[in-house]
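Participant: Just one file: target_4.txt, with compact mmCIF, N, CA and C atoms.
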# COMPACT_ATOMS: atom_id res chain seq x y z
N MET A 754 -17.96 15.92 -17.41
CA MET A 754 -18.93 14.91 -17.78
C MET A 754 -18.48 13.55 -17.22
N ALA A 755 -19.39 12.85 -16.60
CA ALA A 755 -19.07 11.55 -16.01
C ALA A 755 -18.92 10.50 -17.10
N ALA A 756 -17.93 9.66 -16.95
CA ALA A 756 -17.68 8.60 -17.91
C ALA A 756 -18.48 7.35 -17.53
N THR A 757 -18.82 6.57 -18.54
CA THR A 757 -19.56 5.33 -18.33
C THR A 757 -18.90 4.22 -19.12
N ILE A 758 -18.75 3.07 -18.47
CA ILE A 758 -18.23 1.87 -19.14
C ILE A 758 -19.35 0.84 -19.10
N VAL A 759 -19.67 0.28 -20.27
CA VAL A 759 -20.69 -0.76 -20.36
C VAL A 759 -20.02 -2.02 -20.86
N ILE A 760 -20.16 -3.09 -20.09
CA ILE A 760 -19.56 -4.38 -20.44
C ILE A 760 -20.69 -5.37 -20.68
N VAL A 761 -20.65 -6.05 -21.82
CA VAL A 761 -21.67 -7.04 -22.16
C VAL A 761 -21.00 -8.40 -22.23
N THR A 762 -21.42 -9.31 -21.34
CA THR A 762 -20.88 -10.65 -21.36
C THR A 762 -21.78 -11.56 -22.18
N ASP A 763 -21.29 -12.71 -22.55
CA ASP A 763 -22.10 -13.65 -23.33
C ASP A 763 -22.68 -14.77 -22.47
N ARG A 764 -22.61 -14.59 -21.15
CA ARG A 764 -23.15 -15.59 -20.23
C ARG A 764 -23.26 -15.00 -18.84
N LEU A 765 -23.91 -15.75 -17.95
CA LEU A 765 -24.01 -15.38 -16.54
C LEU A 765 -22.81 -15.94 -15.80
N PRO A 766 -22.53 -15.43 -14.58
CA PRO A 766 -21.45 -16.03 -13.80
C PRO A 766 -21.78 -17.50 -13.50
N HIS A 767 -20.75 -18.31 -13.39
CA HIS A 767 -20.96 -19.73 -13.13
C HIS A 767 -21.72 -19.91 -11.82
N PRO A 768 -22.70 -20.82 -11.77
CA PRO A 768 -23.48 -21.02 -10.54
C PRO A 768 -22.63 -21.41 -9.32
N LYS A 769 -21.46 -22.00 -9.54
CA LYS A 769 -20.64 -22.43 -8.41
C LYS A 769 -19.92 -21.29 -7.71
N VAL A 770 -19.95 -20.07 -8.26
CA VAL A 770 -19.34 -18.93 -7.56
C VAL A 770 -20.38 -18.14 -6.78
N ARG A 771 -21.64 -18.49 -6.90
CA ARG A 771 -22.70 -17.78 -6.16
C ARG A 771 -22.66 -18.17 -4.68
N PRO A 772 -23.08 -17.25 -3.81
CA PRO A 772 -23.03 -17.51 -2.36
C PRO A 772 -23.82 -18.75 -1.92
N ASN A 773 -24.91 -19.07 -2.58
CA ASN A 773 -25.73 -20.22 -2.17
C ASN A 773 -25.26 -21.55 -2.77
N ALA A 774 -24.17 -21.54 -3.50
CA ALA A 774 -23.66 -22.77 -4.12
C ALA A 774 -23.17 -23.73 -3.05
N ARG A 775 -23.42 -24.98 -3.28
CA ARG A 775 -22.99 -26.02 -2.34
C ARG A 775 -21.73 -26.71 -2.88
N VAL A 776 -20.61 -26.02 -2.74
CA VAL A 776 -19.33 -26.56 -3.21
C VAL A 776 -18.28 -26.32 -2.14
N GLY A 777 -17.22 -27.11 -2.19
CA GLY A 777 -16.11 -26.94 -1.26
C GLY A 777 -15.30 -25.70 -1.62
N TRP A 778 -14.51 -25.22 -0.69
CA TRP A 778 -13.77 -23.99 -0.89
C TRP A 778 -12.74 -24.09 -2.01
N ARG A 779 -12.12 -25.26 -2.17
CA ARG A 779 -11.12 -25.43 -3.22
C ARG A 779 -11.74 -25.34 -4.60
N GLU A 780 -12.85 -26.05 -4.76
CA GLU A 780 -13.55 -26.04 -6.05
C GLU A 780 -14.06 -24.64 -6.36
N LYS A 781 -14.63 -23.98 -5.35
CA LYS A 781 -15.14 -22.62 -5.55
C LYS A 781 -14.01 -21.68 -5.93
N ALA A 782 -12.85 -21.82 -5.30
CA ALA A 782 -11.70 -20.97 -5.60
C ALA A 782 -11.27 -21.11 -7.06
N ARG A 783 -11.32 -22.35 -7.58
CA ARG A 783 -10.98 -22.57 -8.99
C ARG A 783 -11.95 -21.85 -9.91
N PHE A 784 -13.24 -21.92 -9.58
CA PHE A 784 -14.25 -21.25 -10.41
C PHE A 784 -14.17 -19.73 -10.30
N VAL A 785 -13.85 -19.22 -9.11
CA VAL A 785 -13.68 -17.78 -8.93
C VAL A 785 -12.52 -17.29 -9.79
N ALA A 786 -11.41 -18.02 -9.78
CA ALA A 786 -10.25 -17.65 -10.61
C ALA A 786 -10.61 -17.68 -12.09
N ALA A 787 -11.37 -18.68 -12.50
CA ALA A 787 -11.79 -18.79 -13.91
C ALA A 787 -12.70 -17.62 -14.29
N GLU A 788 -13.58 -17.19 -13.39
CA GLU A 788 -14.48 -16.06 -13.66
C GLU A 788 -13.68 -14.77 -13.80
N ARG A 789 -12.68 -14.59 -12.94
CA ARG A 789 -11.83 -13.39 -13.04
C ARG A 789 -11.08 -13.36 -14.36
N GLU A 790 -10.55 -14.51 -14.76
CA GLU A 790 -9.83 -14.59 -16.04
C GLU A 790 -10.77 -14.34 -17.22
N TYR A 791 -12.00 -14.84 -17.11
CA TYR A 791 -12.98 -14.65 -18.19
C TYR A 791 -13.26 -13.17 -18.43
N ILE A 792 -13.62 -12.42 -17.37
CA ILE A 792 -14.00 -11.02 -17.54
C ILE A 792 -12.78 -10.18 -17.93
N TYR A 793 -11.61 -10.55 -17.40
CA TYR A 793 -10.37 -9.84 -17.75
C TYR A 793 -10.07 -10.01 -19.24
N ALA A 794 -10.14 -11.25 -19.71
CA ALA A 794 -9.86 -11.52 -21.13
C ALA A 794 -10.90 -10.86 -22.04
N LEU A 795 -12.16 -10.90 -21.63
CA LEU A 795 -13.23 -10.28 -22.43
C LEU A 795 -12.98 -8.79 -22.60
N CYS A 796 -12.70 -8.11 -21.49
CA CYS A 796 -12.48 -6.66 -21.55
C CYS A 796 -11.18 -6.32 -22.26
N LEU A 797 -10.12 -7.07 -21.98
CA LEU A 797 -8.83 -6.79 -22.58
C LEU A 797 -8.86 -6.98 -24.09
N SER A 798 -9.51 -8.04 -24.56
CA SER A 798 -9.58 -8.26 -26.01
C SER A 798 -10.42 -7.17 -26.68
N ALA A 799 -11.46 -6.70 -26.00
CA ALA A 799 -12.28 -5.63 -26.55
C ALA A 799 -11.49 -4.33 -26.63
N ILE A 800 -10.69 -4.04 -25.60
CA ILE A 800 -9.88 -2.82 -25.60
C ILE A 800 -8.82 -2.88 -26.69
N GLN A 801 -8.18 -4.04 -26.88
CA GLN A 801 -7.13 -4.17 -27.89
C GLN A 801 -7.68 -4.09 -29.30
N GLU A 802 -8.91 -4.57 -29.51
CA GLU A 802 -9.51 -4.49 -30.85
C GLU A 802 -9.71 -3.05 -31.28
N SER A 803 -10.19 -2.21 -30.38
CA SER A 803 -10.46 -0.82 -30.71
C SER A 803 -10.41 0.03 -29.45
N PRO A 804 -9.26 0.60 -29.13
CA PRO A 804 -9.13 1.34 -27.88
C PRO A 804 -10.01 2.59 -27.79
N LYS A 805 -10.39 3.16 -28.91
CA LYS A 805 -11.21 4.39 -28.88
C LYS A 805 -12.70 4.09 -28.72
N ALA A 806 -13.24 3.21 -29.52
CA ALA A 806 -14.67 2.89 -29.44
C ALA A 806 -14.83 1.39 -29.58
N VAL A 807 -14.90 0.72 -28.48
CA VAL A 807 -14.99 -0.73 -28.50
C VAL A 807 -16.44 -1.13 -28.68
N VAL A 808 -16.70 -1.90 -29.72
CA VAL A 808 -18.08 -2.23 -30.08
C VAL A 808 -18.61 -3.41 -29.29
N THR A 809 -17.81 -4.45 -29.10
CA THR A 809 -18.35 -5.68 -28.54
C THR A 809 -18.61 -5.62 -27.04
N SER A 810 -17.74 -4.99 -26.27
CA SER A 810 -17.91 -5.03 -24.83
C SER A 810 -18.11 -3.67 -24.19
N PHE A 811 -17.62 -2.63 -24.80
CA PHE A 811 -17.77 -1.30 -24.23
C PHE A 811 -18.62 -0.45 -25.15
N LYS A 812 -19.41 0.43 -24.56
CA LYS A 812 -20.18 1.39 -25.34
C LYS A 812 -19.52 2.74 -25.14
N GLY A 813 -19.24 3.44 -26.21
CA GLY A 813 -18.58 4.73 -26.10
C GLY A 813 -17.07 4.57 -26.16
N THR A 814 -16.37 5.36 -25.39
CA THR A 814 -14.91 5.31 -25.44
C THR A 814 -14.37 4.80 -24.10
N VAL A 815 -13.18 4.27 -24.15
CA VAL A 815 -12.51 3.85 -22.93
C VAL A 815 -12.00 5.14 -22.28
N PRO A 816 -12.45 5.46 -21.08
CA PRO A 816 -12.08 6.73 -20.45
C PRO A 816 -10.58 6.84 -20.20
N SER A 817 -10.08 8.07 -20.30
CA SER A 817 -8.64 8.28 -20.10
C SER A 817 -8.30 8.55 -18.64
N GLY A 818 -9.26 8.95 -17.81
CA GLY A 818 -9.00 9.30 -16.42
C GLY A 818 -9.09 8.14 -15.46
N LEU A 819 -8.58 6.98 -15.85
CA LEU A 819 -8.64 5.81 -14.98
C LEU A 819 -7.45 5.81 -14.04
N PRO A 820 -7.56 5.27 -12.86
CA PRO A 820 -8.77 4.70 -12.25
C PRO A 820 -9.70 5.78 -11.72
N PHE A 821 -11.01 5.49 -11.74
CA PHE A 821 -12.00 6.40 -11.18
C PHE A 821 -11.87 6.40 -9.66
N THR A 822 -12.28 7.51 -9.04
CA THR A 822 -12.25 7.54 -7.58
C THR A 822 -13.48 6.86 -7.00
N LYS A 823 -14.65 7.03 -7.61
CA LYS A 823 -15.89 6.38 -7.17
C LYS A 823 -16.72 6.01 -8.39
N VAL A 824 -17.30 4.82 -8.36
CA VAL A 824 -18.19 4.40 -9.44
C VAL A 824 -19.45 3.75 -8.86
N GLN A 825 -20.50 3.80 -9.66
CA GLN A 825 -21.73 3.11 -9.31
C GLN A 825 -21.92 2.00 -10.35
N ILE A 826 -22.21 0.80 -9.87
CA ILE A 826 -22.34 -0.35 -10.77
C ILE A 826 -23.79 -0.81 -10.79
N SER A 827 -24.24 -1.17 -11.98
CA SER A 827 -25.58 -1.74 -12.11
C SER A 827 -25.50 -2.96 -13.02
N TYR A 828 -26.39 -3.91 -12.76
CA TYR A 828 -26.42 -5.16 -13.51
C TYR A 828 -27.79 -5.35 -14.16
N GLU A 829 -27.77 -5.79 -15.40
CA GLU A 829 -28.98 -6.24 -16.09
C GLU A 829 -28.65 -7.62 -16.63
N TYR A 830 -29.42 -8.62 -16.20
CA TYR A 830 -29.12 -9.96 -16.66
C TYR A 830 -30.27 -10.53 -17.46
N HIS A 831 -29.93 -11.18 -18.55
CA HIS A 831 -30.89 -11.81 -19.44
C HIS A 831 -30.80 -13.31 -19.19
N ASN A 832 -31.91 -13.89 -18.73
CA ASN A 832 -31.93 -15.30 -18.35
C ASN A 832 -33.36 -15.82 -18.50
N PRO A 833 -33.54 -17.11 -18.82
CA PRO A 833 -34.90 -17.65 -18.92
C PRO A 833 -35.68 -17.57 -17.62
N ARG A 834 -34.99 -17.65 -16.47
CA ARG A 834 -35.72 -17.57 -15.20
C ARG A 834 -35.07 -16.53 -14.30
N LYS A 835 -35.91 -15.98 -13.42
CA LYS A 835 -35.43 -14.95 -12.50
C LYS A 835 -34.61 -15.59 -11.38
N LEU A 836 -33.50 -14.95 -11.04
CA LEU A 836 -32.62 -15.42 -9.97
C LEU A 836 -32.79 -14.53 -8.75
N ASP A 837 -32.44 -15.07 -7.58
CA ASP A 837 -32.42 -14.27 -6.37
C ASP A 837 -31.38 -13.16 -6.56
N GLY A 838 -31.79 -11.91 -6.35
CA GLY A 838 -30.92 -10.77 -6.61
C GLY A 838 -29.61 -10.79 -5.86
N ASP A 839 -29.67 -11.07 -4.55
CA ASP A 839 -28.45 -11.09 -3.74
C ASP A 839 -27.51 -12.22 -4.17
N ASN A 840 -28.08 -13.36 -4.52
CA ASN A 840 -27.27 -14.49 -4.96
C ASN A 840 -26.61 -14.18 -6.31
N PHE A 841 -27.34 -13.52 -7.19
CA PHE A 841 -26.77 -13.14 -8.50
C PHE A 841 -25.62 -12.14 -8.31
N ILE A 842 -25.84 -11.11 -7.49
CA ILE A 842 -24.80 -10.10 -7.27
C ILE A 842 -23.57 -10.73 -6.63
N GLY A 843 -23.79 -11.66 -5.70
CA GLY A 843 -22.66 -12.37 -5.09
C GLY A 843 -21.88 -13.17 -6.12
N GLY A 844 -22.57 -13.71 -7.12
CA GLY A 844 -21.90 -14.43 -8.19
C GLY A 844 -21.10 -13.52 -9.10
N CYS A 845 -21.46 -12.25 -9.14
CA CYS A 845 -20.73 -11.27 -9.97
C CYS A 845 -19.52 -10.69 -9.26
N LYS A 846 -19.34 -11.02 -7.98
CA LYS A 846 -18.23 -10.47 -7.19
C LYS A 846 -16.86 -10.72 -7.80
N PRO A 847 -16.56 -11.92 -8.34
CA PRO A 847 -15.25 -12.09 -8.98
C PRO A 847 -15.04 -11.14 -10.15
N TRP A 848 -16.10 -10.85 -10.89
CA TRP A 848 -16.00 -9.89 -11.99
C TRP A 848 -15.70 -8.51 -11.44
N GLN A 849 -16.45 -8.14 -10.40
CA GLN A 849 -16.29 -6.82 -9.79
C GLN A 849 -14.88 -6.65 -9.23
N ASP A 850 -14.31 -7.70 -8.64
CA ASP A 850 -12.94 -7.64 -8.12
C ASP A 850 -11.94 -7.37 -9.24
N THR A 851 -12.23 -7.81 -10.43
CA THR A 851 -11.31 -7.65 -11.56
C THR A 851 -11.32 -6.21 -12.08
N PHE A 852 -12.31 -5.41 -11.71
CA PHE A 852 -12.36 -4.02 -12.16
C PHE A 852 -11.38 -3.12 -11.42
N GLN A 853 -10.80 -3.61 -10.30
CA GLN A 853 -9.83 -2.80 -9.57
C GLN A 853 -8.44 -2.95 -10.18
N VAL A 854 -7.50 -2.16 -9.68
CA VAL A 854 -6.14 -2.22 -10.22
C VAL A 854 -5.50 -3.56 -9.87
N GLU A 855 -4.54 -3.96 -10.69
CA GLU A 855 -3.82 -5.21 -10.45
C GLU A 855 -3.05 -5.11 -9.15
N ARG A 856 -3.04 -6.19 -8.37
CA ARG A 856 -2.37 -6.18 -7.08
C ARG A 856 -1.83 -7.55 -6.73
N ILE A 857 -0.96 -7.58 -5.74
CA ILE A 857 -0.41 -8.84 -5.23
C ILE A 857 -1.24 -9.26 -4.02
N VAL A 858 -1.79 -10.45 -4.06
CA VAL A 858 -2.56 -11.00 -2.94
C VAL A 858 -1.98 -12.37 -2.61
N ARG A 859 -1.47 -12.51 -1.40
CA ARG A 859 -0.85 -13.76 -0.95
C ARG A 859 0.17 -14.29 -1.95
N ASP A 860 1.12 -13.45 -2.32
CA ASP A 860 2.22 -13.80 -3.23
C ASP A 860 1.76 -14.14 -4.65
N ARG A 861 0.54 -13.78 -5.01
CA ARG A 861 0.05 -14.03 -6.37
C ARG A 861 -0.46 -12.71 -6.96
N VAL A 862 -0.31 -12.58 -8.26
CA VAL A 862 -0.85 -11.41 -8.93
C VAL A 862 -2.33 -11.62 -9.17
N GLN A 863 -3.15 -10.68 -8.68
CA GLN A 863 -4.58 -10.73 -8.94
C GLN A 863 -4.85 -9.81 -10.13
N LEU A 864 -5.40 -10.37 -11.19
CA LEU A 864 -5.65 -9.59 -12.40
C LEU A 864 -6.53 -8.40 -12.10
N GLY A 865 -6.22 -7.28 -12.74
CA GLY A 865 -7.02 -6.08 -12.54
C GLY A 865 -7.04 -5.23 -13.79
N LEU A 866 -8.20 -4.68 -14.10
CA LEU A 866 -8.36 -3.83 -15.27
C LEU A 866 -8.07 -2.36 -14.99
N GLY A 867 -8.05 -1.99 -13.72
CA GLY A 867 -7.69 -0.62 -13.34
C GLY A 867 -8.80 0.41 -13.49
N PHE A 868 -10.06 -0.03 -13.45
CA PHE A 868 -11.17 0.93 -13.52
C PHE A 868 -11.30 1.72 -12.22
N VAL A 869 -11.01 1.08 -11.08
CA VAL A 869 -11.03 1.72 -9.75
C VAL A 869 -9.81 1.24 -8.97
N ASN A 870 -9.44 1.98 -7.93
CA ASN A 870 -8.30 1.59 -7.10
C ASN A 870 -8.61 0.37 -6.25
N ASP A 871 -9.82 0.32 -5.70
CA ASP A 871 -10.20 -0.75 -4.78
C ASP A 871 -11.69 -0.99 -4.96
N ASP A 872 -12.15 -2.22 -4.66
CA ASP A 872 -13.57 -2.49 -4.84
C ASP A 872 -14.45 -1.76 -3.81
N LYS A 873 -13.84 -1.15 -2.79
CA LYS A 873 -14.62 -0.33 -1.86
C LYS A 873 -15.08 0.98 -2.52
N ASP A 874 -14.48 1.30 -3.66
CA ASP A 874 -14.86 2.49 -4.42
C ASP A 874 -16.06 2.23 -5.34
N ILE A 875 -16.60 1.01 -5.31
CA ILE A 875 -17.74 0.64 -6.15
C ILE A 875 -18.98 0.54 -5.28
N SER A 876 -20.02 1.28 -5.66
CA SER A 876 -21.29 1.17 -4.94
C SER A 876 -22.34 0.60 -5.88
N LEU A 877 -23.27 -0.15 -5.32
CA LEU A 877 -24.32 -0.80 -6.11
C LEU A 877 -25.45 0.18 -6.36
N ALA A 878 -25.90 0.27 -7.61
CA ALA A 878 -26.96 1.21 -7.99
C ALA A 878 -28.33 0.74 -7.51
N GLY A 879 -28.52 -0.53 -7.29
CA GLY A 879 -29.81 -1.07 -6.87
C GLY A 879 -29.88 -2.55 -7.21
N GLU A 880 -31.07 -3.09 -7.14
CA GLU A 880 -31.28 -4.50 -7.47
C GLU A 880 -30.96 -4.75 -8.95
N PRO A 881 -30.45 -5.94 -9.28
CA PRO A 881 -30.21 -6.25 -10.69
C PRO A 881 -31.53 -6.34 -11.44
N VAL A 882 -31.51 -5.92 -12.70
CA VAL A 882 -32.70 -5.94 -13.54
C VAL A 882 -32.71 -7.26 -14.31
N TRP A 883 -33.84 -7.96 -14.28
CA TRP A 883 -33.98 -9.23 -14.98
C TRP A 883 -34.76 -9.01 -16.27
N VAL A 884 -34.22 -9.55 -17.37
CA VAL A 884 -34.90 -9.54 -18.66
C VAL A 884 -35.03 -10.99 -19.10
N LYS A 885 -36.27 -11.41 -19.33
CA LYS A 885 -36.49 -12.80 -19.74
C LYS A 885 -36.02 -12.99 -21.18
N CYS A 886 -35.34 -14.12 -21.40
CA CYS A 886 -34.85 -14.43 -22.74
C CYS A 886 -34.95 -15.93 -22.96
N LYS A 887 -34.66 -16.35 -24.19
CA LYS A 887 -34.67 -17.77 -24.51
C LYS A 887 -33.37 -18.40 -24.04
N LYS A 888 -33.41 -19.72 -23.81
CA LYS A 888 -32.22 -20.46 -23.41
C LYS A 888 -31.17 -20.33 -24.51
N GLY A 889 -29.95 -20.07 -24.11
CA GLY A 889 -28.86 -19.88 -25.07
C GLY A 889 -28.60 -18.42 -25.40
N GLU A 890 -29.47 -17.52 -24.95
CA GLU A 890 -29.30 -16.09 -25.20
C GLU A 890 -28.95 -15.33 -23.93
N GLU A 891 -28.44 -16.05 -22.92
CA GLU A 891 -28.12 -15.44 -21.64
C GLU A 891 -26.96 -14.45 -21.80
N LYS A 892 -27.04 -13.36 -21.05
CA LYS A 892 -25.96 -12.38 -21.02
C LYS A 892 -26.14 -11.48 -19.81
N VAL A 893 -25.09 -10.74 -19.49
CA VAL A 893 -25.13 -9.76 -18.41
C VAL A 893 -24.61 -8.44 -18.97
N ILE A 894 -25.32 -7.37 -18.68
CA ILE A 894 -24.87 -6.03 -19.06
C ILE A 894 -24.48 -5.33 -17.76
N ILE A 895 -23.21 -5.02 -17.65
CA ILE A 895 -22.66 -4.37 -16.46
C ILE A 895 -22.37 -2.91 -16.82
N THR A 896 -22.91 -1.99 -16.05
CA THR A 896 -22.68 -0.57 -16.29
C THR A 896 -21.92 0.03 -15.12
N LEU A 897 -20.75 0.56 -15.41
CA LEU A 897 -19.95 1.29 -14.41
C LEU A 897 -20.04 2.77 -14.74
N GLU A 898 -20.62 3.53 -13.83
CA GLU A 898 -20.78 4.97 -14.07
C GLU A 898 -19.97 5.75 -13.05
N GLU A 899 -19.12 6.63 -13.54
CA GLU A 899 -18.29 7.44 -12.66
C GLU A 899 -19.16 8.41 -11.87
N LEU A 900 -18.90 8.49 -10.57
CA LEU A 900 -19.60 9.44 -9.71
C LEU A 900 -18.71 10.67 -9.54
N GLU A 901 -19.29 11.82 -9.69
CA GLU A 901 -18.50 13.05 -9.58
C GLU A 901 -18.51 13.60 -8.18
Let me see the structure of the file written as structure tokens.
Facilitator:
Amino acid sequence: MAATIVIVTDRLPHPKVRPNARVGWREKARFVAAEREYIYALCLSAIQESPKAVVTSFKGTVPSGLPFTKVQISYEYHNPRKLDGDNFIGGCKPWQDTFQVERIVRDRVQLGLGFVNDDKDISLAGEPVWVKCKKGEEKVIITLEELE
């Protein structure tokens, strides 16, 4: 049976990490690092609260056969207005990078949750699904489904 991990965030990725953002590389790098730390901390705190059935961020159980060899990722975002799909997915890239195993990149440790060995093992399920919501109720539901 294929395992599924569902992660629910309490916000969208910061607009400055999206591909169409008009920011310098240094500023963008700071925001990318902050986004990676955010998703890492969110998932890690959820796993530590209840490793068997995490209620806040994961649905079901944390799979024991990690890292997966191949996964399919899908996004559902709740926002008052619809965003360009490619721009939204590009903004989620720092989160997606955090799903791979921890590694050393340019003499620095890049945080990793260990869901997959490399982000090349993640394929996109399709366009992100937009759900209209009120301001202040923004969230993203990320589904990682193991491919057999």
Participant: One number please: atom CA of Leu897 of chain A to atom CA of Ile842 of chain A, in Å, one decimal.
Facilitator: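 Straight-line distance from atom CA of Leu897 of chain A to atom CA of Ile842 of chain A works out to 14.3 Å.
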Participant: Per DSSP on the backbone, filter segment 756-899 of chain A down to the residues in alpha helix (DSSP H) and report them as a PyMOL selection string.
Facilitator: chain A and resi 778-802+838-844+846-851
Participant: Quick one: everything within 8 Å of Thr851 of chain A, counting all atoms listed in the file, minus sequence neighbours fewer than 5 positions away in the same chain. Send it as a list in words.
Facilitator: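 Listed by chain and then number, they are Glu788, Arg789, Glu790, Ile792, Tyr793, Cys845, Lys846, Gln863, Leu864, Gly865, Leu866, Gly867, Phe868, Val869 and Asp872 of chain A.
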Participant: Would you list the contacts of Val884 of chain A as a PDB file with N, CA and C atoms, in the coordinates of the input, taking every protein, DNA or RNA residue within 5 Å and counting only N, CA and C atoms, but skipping same-chain residues closer than 3 positions in sequence?
Facilitator:
ATOM      1  N   TYR A 830     -29.420  -8.620 -16.200  1.00  0.00           N
ATOM      2  CA  TYR A 830     -29.120  -9.960 -16.660  1.00  0.00           C
ATOM      3  C   TYR A 830     -30.270 -10.530 -17.460  1.00  0.00           C
ATOM      4  N   HIS A 831     -29.930 -11.180 -18.550  1.00  0.00           N
ATOM      5  CA  HIS A 831     -30.890 -11.810 -19.440  1.00  0.00           C
ATOM      6  C   HIS A 831     -30.800 -13.310 -19.190  1.00  0.00           C
ATOM      7  N   ASN A 832     -31.910 -13.890 -18.730  1.00  0.00           N
ATOM      8  CA  ASN A 832     -31.930 -15.300 -18.350  1.00  0.00           C
ATOM      9  C   ASN A 832     -33.360 -15.820 -18.500  1.00  0.00           C
TER      10      ASN A 832
END
Participant: Quick check, in Å to one decimal: how far apart do atom CA of Leu900 of chain A and atom N of Val761 of chain A lie?
Facilitator: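 Distance reported for this atom pair: 19.7 Å.
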Participant: Neighbouring residues of segment 821-825 of chain A were defined as those with any atom within 12 Å, considering only C-alpha atoms; residues of the same chain fewer than 6 positions away were excluded. Please report them as a PyMOL selection string.
Facilitator: chain A and resi 755-759+849+852-854+866-879+895-901
Participant: Counting all atoms listed in the file, select every polymer residue within 8 Å of (-19.7, -13.4, -8.7) as defined in the file's coordinates, and provide the selection as a list in words.
Facilitator: Pro766, His767, Lys769, Val770, Arg771, Pro772, Val785, Glu788, Asn840, Phe841, Ile842, Gly843, Gly844, Cys845, Lys846, Pro847, Trp848, Gln849 and Asp850 of chain A
Participant: Pull N, CA and C atoms from the residues just selected and write them as a JSON list (two decimals), in the coordinates of the input.
Facilitator:
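Result went into part_19.json, see below:
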[["chain", "number", "residue", "atom", "x", "y", "z"],
["A", 766, "PRO", "N", -22.53, -15.43, -14.58],
["A", 766, "PRO", "CA", -21.45, -16.03, -13.80],
["A", 766, "PRO", "C", -21.78, -17.50, -13.50],
["A", 767, "HIS", "N", -20.75, -18.31, -13.39],
["A", 767, "HIS", "CA", -20.96, -19.73, -13.13],
["A", 767, "HIS", "C", -21.72, -19.91, -11.82],
["A", 769, "LYS", "N", -21.46, -22.00, -9.54],
["A", 769, "LYS", "CA", -20.64, -22.43, -8.41],
["A", 769, "LYS", "C", -19.92, -21.29, -7.71],
["A", 770, "VAL", "N", -19.95, -20.07, -8.26],
["A", 770, "VAL", "CA", -19.34, -18.93, -7.56],
["A", 770, "VAL", "C", -20.38, -18.14, -6.78],
["A", 771, "ARG", "N", -21.64, -18.49, -6.90],
["A", 771, "ARG", "CA", -22.70, -17.78, -6.16],
["A", 771, "ARG", "C", -22.66, -18.17, -4.68],
["A", 772, "PRO", "N", -23.08, -17.25, -3.81],
["A", 772, "PRO", "CA", -23.03, -17.51, -2.36],
["A", 772, "PRO", "C", -23.82, -18.75, -1.92],
["A", 785, "VAL", "N", -13.85, -19.22, -9.11],
["A", 785, "VAL", "CA", -13.68, -17.78, -8.93],
["A", 785, "VAL", "C", -12.52, -17.29, -9.79],
["A", 788, "GLU", "N", -13.58, -17.19, -13.39],
["A", 788, "GLU", "CA", -14.48, -16.06, -13.66],
["A", 788, "GLU", "C", -13.68, -14.77, -13.80],
["A", 840, "ASN", "N", -28.08, -13.36, -4.52],
["A", 840, "ASN", "CA", -27.27, -14.49, -4.96],
["A", 840, "ASN", "C", -26.61, -14.18, -6.31],
["A", 841, "PHE", "N", -27.34, -13.52, -7.19],
["A", 841, "PHE", "CA", -26.77, -13.14, -8.50],
["A", 841, "PHE", "C", -25.62, -12.14, -8.31],
["A", 842, "ILE", "N", -25.84, -11.11, -7.49],
["A", 842, "ILE", "CA", -24.80, -10.10, -7.27],
["A", 842, "ILE", "C", -23.57, -10.73, -6.63],
["A", 843, "GLY", "N", -23.79, -11.66, -5.70],
["A", 843, "GLY", "CA", -22.66, -12.37, -5.09],
["A", 843, "GLY", "C", -21.88, -13.17, -6.12],
["A", 844, "GLY", "N", -22.57, -13.71, -7.12],
["A", 844, "GLY", "CA", -21.90, -14.43, -8.19],
["A", 844, "GLY", "C", -21.10, -13.52, -9.10],
["A", 845, "CYS", "N", -21.46, -12.25, -9.14],
["A", 845, "CYS", "CA", -20.73, -11.27, -9.97],
["A", 845, "CYS", "C", -19.52, -10.69, -9.26],
["A", 846, "LYS", "N", -19.34, -11.02, -7.98],
["A", 846, "LYS", "CA", -18.23, -10.47, -7.19],
["A", 846, "LYS", "C", -16.86, -10.72, -7.80],
["A", 847, "PRO", "N", -16.56, -11.92, -8.34],
["A", 847, "PRO", "CA", -15.25, -12.09, -8.98],
["A", 847, "PRO", "C", -15.04, -11.14, -10.15],
["A", 848, "TRP", "N", -16.10, -10.85, -10.89],
["A", 848, "TRP", "CA", -16.00, -9.89, -11.99],
["A", 848, "TRP", "C", -15.70, -8.51, -11.44],
["A", 849, "GLN", "N", -16.45, -8.14, -10.40],
["A", 849, "GLN", "CA", -16.29, -6.82, -9.79],
["A", 849, "GLN", "C", -14.88, -6.65, -9.23],
["A", 850, "ASP", "N", -14.31, -7.70, -8.64],
["A", 850, "ASP", "CA", -12.94, -7.64, -8.12],
["A", 850, "ASP", "C", -11.94, -7.37, -9.24]]
Participant: So that I can check the secondary structure, give me every residue of chain A assigned strand (DSSP E) by backbone DSSP, as an MDAnalysis selection string.
Facilitator: chainID A and resid 757:761 824:832 856:858 861:863 875:877 882:885 892:899
Participant: Between atom N of Lys885 of chain A and atom N of Arg834 of chain A, measure the distance and give it in Å to one decimal.
Facilitator: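 If I compute the distance from atom N of Lys885 of chain A to atom N of Arg834 of chain A, I get 7.0 Å.
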Participant: May I have the residues within 10 Å of Gly889 of chain A as a compact mmCIF listing (two decimals) with N, CA and C atoms, in the coordinates of the input, using only C-alpha atoms and disregarding those fewer than 5 positions away in the same chain?
Facilitator:
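Dumped everything to selection-v8.txt:
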# COMPACT_ATOMS: atom_id res chain seq x y z
N ASP A 763 -21.29 -12.71 -22.55
CA ASP A 763 -22.10 -13.65 -23.33
C ASP A 763 -22.68 -14.77 -22.47
N ARG A 764 -22.61 -14.59 -21.15
CA ARG A 764 -23.15 -15.59 -20.23
C ARG A 764 -23.26 -15.00 -18.84
N ASN A 832 -31.91 -13.89 -18.73
CA ASN A 832 -31.93 -15.30 -18.35
C ASN A 832 -33.36 -15.82 -18.50
N PRO A 833 -33.54 -17.11 -18.82
CA PRO A 833 -34.90 -17.65 -18.92
C PRO A 833 -35.68 -17.57 -17.62
Participant: Skip Glu829 of chain A itself and residues of its chain fewer than 4 positions away, then list as a VMD selection string all residues within 8 Å of it, counting all atoms listed in the file.
Facilitator: chain A and resid 880 to 884 892 to 896
